[in-house]
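**Student:** Below you'll find the structure I mean.
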Amino acid sequence: MKVAAVRRDPTKEDGGLCDIPLADKKELFAQSDFVVCVLPGTPQTLDYCGAEEFAAMKPTGVFISMGRGVCVDEDALAAALQSGQIKGAALDVFKIEPLP
């Protein structure tokens, strides 16, 4: 398994893990079989994973969200799943919790 990641501050040492520039985050989505979102909830990460990113994913790709729910555009994710644009998703967090 190859693990790739993006980092906001590329000057921090990461042992070679963050080999994709933050500006190319869609490339990370395009290359990955599984995308795992573990971002903190900040104004900068609101809907960080949205329609453009899901459109870049492989049709066999799976999206996993374990960070903060505000980082995922849930409507865009639902649309990508319903259209078959991506294969699946697993969410541990949501924008509104507890779920209605």
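Just remember, in the structure tokens the first chain shown is A, the second B, etc., residues are 1-based per chain, and ligands are 1-based in the order shown.
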Using 7 Å as the limit and counting only C-alpha atoms, can you tabulate each residue of segment 52-77 of chain A that touches segment 29-46 of chain A, with its shortest atom-to-atom distance in Å and the two atoms involved, as a tab-separated table?

**Tutor:**
```
residue	atom	partner	partner_atom	distance
A:Glu53	CA	A:Phe29	CA	6.2
A:Ala56	CA	A:Ala30	CA	5.0
A:Met57	CA	A:Ala30	CA	4.5
A:Lys58	CA	A:Ala30	CA	6.1
A:Thr60	CA	A:Asp33	CA	6.9
A:Gly61	CA	A:Asp33	CA	4.7
A:Val62	CA	A:Phe34	CA	4.9
A:Phe63	CA	A:Val35	CA	4.9
A:Ile64	CA	A:Val36	CA	4.6
A:Ser65	CA	A:Cys37	CA	4.7
A:Met66	CA	A:Val38	CA	5.2
A:Gly67	CA	A:Val38	CA	3.7
A:Arg68	CA	A:Gly41	CA	5.3
A:Val70	CA	A:Leu46	CA	5.3
A:Cys71	CA	A:Leu46	CA	4.7
```

**Student:** Residues of segment 6-87 of chain A classed as helix (DSSP H, G or I) by DSSP on the backbone are to be reported as a PyMOL selection string.

**Tutor:** chain A and resi 22-31+43-45+51-56+69-71+74-82

**Student:** From the DSSP assignment of the backbone, select every residue of chain A that is strand (DSSP E), and format the answer as an mmCIF file with C-alpha atoms, in the first residue's frame.

**Tutor:**
```
data_model
loop_
_atom_site.group_PDB
_atom_site.id
_atom_site.type_symbol
_atom_site.label_atom_id
_atom_site.label_comp_id
_atom_site.auth_asym_id
_atom_site.auth_seq_id
_atom_site.Cartn_x
_atom_site.Cartn_y
_atom_site.Cartn_z
ATOM 1 C CA PHE A 34 -9.400 5.245 -0.718
ATOM 2 C CA VAL A 35 -9.520 8.869 0.443
ATOM 3 C CA VAL A 36 -9.558 9.357 4.212
ATOM 4 C CA CYS A 37 -10.477 12.791 5.537
ATOM 5 C CA VAL A 62 -14.174 5.023 -1.608
ATOM 6 C CA PHE A 63 -14.347 8.127 0.564
ATOM 7 C CA ILE A 64 -13.935 7.848 4.357
ATOM 8 C CA SER A 65 -14.570 10.747 6.749
ATOM 9 C CA GLY A 88 -18.776 4.007 -1.670
ATOM 10 C CA ALA A 89 -18.313 6.053 1.474
ATOM 11 C CA ALA A 90 -17.998 5.533 5.208
ATOM 12 C CA LEU A 91 -18.714 8.439 7.529
#
```

**Student:** Write out as a PyMOL selection string each polymer residue whose atoms come within 7 Å of Phe94 of chain A, counting only C-alpha atoms; drop sequence neighbours fewer than 2 positions from it.

**Tutor:** chain A and resi 69-70+96-97

**Student:** Output the selection as a short mmCIF file (atom, residue, chain, number, x, y, z; two decimals), in the first residue's frame - C-alpha atoms for each residue.

**Tutor:**
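What landed in part13.cif:
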```cif
data_model
loop_
_atom_site.label_atom_id
_atom_site.label_comp_id
_atom_site.auth_asym_id
_atom_site.auth_seq_id
_atom_site.Cartn_x
_atom_site.Cartn_y
_atom_site.Cartn_z
CA GLY A 69 -18.15 16.69 9.62
CA VAL A 70 -17.88 20.30 8.45
CA ILE A 96 -25.16 17.86 12.28
CA GLU A 97 -24.73 15.51 15.21
#
```

**Student:** So that I can check the surroundings of Cys49 of chain A, please list as an mmCIF file with N, CA, C and O atoms, in the first residue's frame every protein, DNA and RNA residue that reaches within 9 Å of it, counting only C-alpha atoms and ignoring chain neighbours fewer than 6 positions away.

**Tutor:**
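Dumped to part03.cif:
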```cif
data_model
loop_
_atom_site.group_PDB
_atom_site.id
_atom_site.type_symbol
_atom_site.label_atom_id
_atom_site.label_comp_id
_atom_site.auth_asym_id
_atom_site.auth_seq_id
_atom_site.Cartn_x
_atom_site.Cartn_y
_atom_site.Cartn_z
ATOM 1 N N CYS A 37 -10.489 11.407 5.078
ATOM 2 C CA CYS A 37 -10.477 12.791 5.537
ATOM 3 C C CYS A 37 -10.411 12.799 7.063
ATOM 4 O O CYS A 37 -11.322 12.302 7.726
ATOM 5 N N CYS A 71 -16.013 19.359 7.208
ATOM 6 C CA CYS A 71 -15.032 19.297 6.120
ATOM 7 C C CYS A 71 -15.593 18.686 4.851
ATOM 8 O O CYS A 71 -14.967 18.777 3.791
ATOM 9 N N VAL A 72 -16.757 18.056 4.944
ATOM 10 C CA VAL A 72 -17.325 17.335 3.805
ATOM 11 C C VAL A 72 -18.626 17.995 3.353
ATOM 12 O O VAL A 72 -19.523 18.223 4.164
ATOM 13 N N ASP A 73 -18.701 18.275 2.062
ATOM 14 C CA ASP A 73 -19.959 18.750 1.476
ATOM 15 C C ASP A 73 -20.835 17.506 1.320
ATOM 16 O O ASP A 73 -20.684 16.746 0.360
ATOM 17 N N GLU A 74 -21.704 17.292 2.283
ATOM 18 C CA GLU A 74 -22.506 16.061 2.319
ATOM 19 C C GLU A 74 -23.450 15.947 1.130
ATOM 20 O O GLU A 74 -23.696 14.840 0.638
ATOM 21 N N ALA A 76 -22.845 17.072 -1.931
ATOM 22 C CA ALA A 76 -22.000 16.665 -3.065
ATOM 23 C C ALA A 76 -21.617 15.195 -2.948
ATOM 24 O O ALA A 76 -21.583 14.477 -3.955
ATOM 25 N N LEU A 77 -21.340 14.742 -1.735
ATOM 26 C CA LEU A 77 -21.005 13.331 -1.528
ATOM 27 C C LEU A 77 -22.198 12.448 -1.862
ATOM 28 O O LEU A 77 -22.058 11.439 -2.554
#
```

**Student:** Please measure the separation of atom CA of Ala79 of chain A and atom CA of Arg8 of chain A, giving the value in Å to one decimal.

**Tutor:**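 Atom-to-atom, atom CA of Ala79 of chain A to atom CA of Arg8 of chain A, that is 27.6 Å.
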
**Student:** From the list A:Ala23, A:Ala80, A:Leu28, A:Glu52, which residue is nearest Ala5 of chain A when using only C-alpha atoms?

**Tutor:** A:Leu28
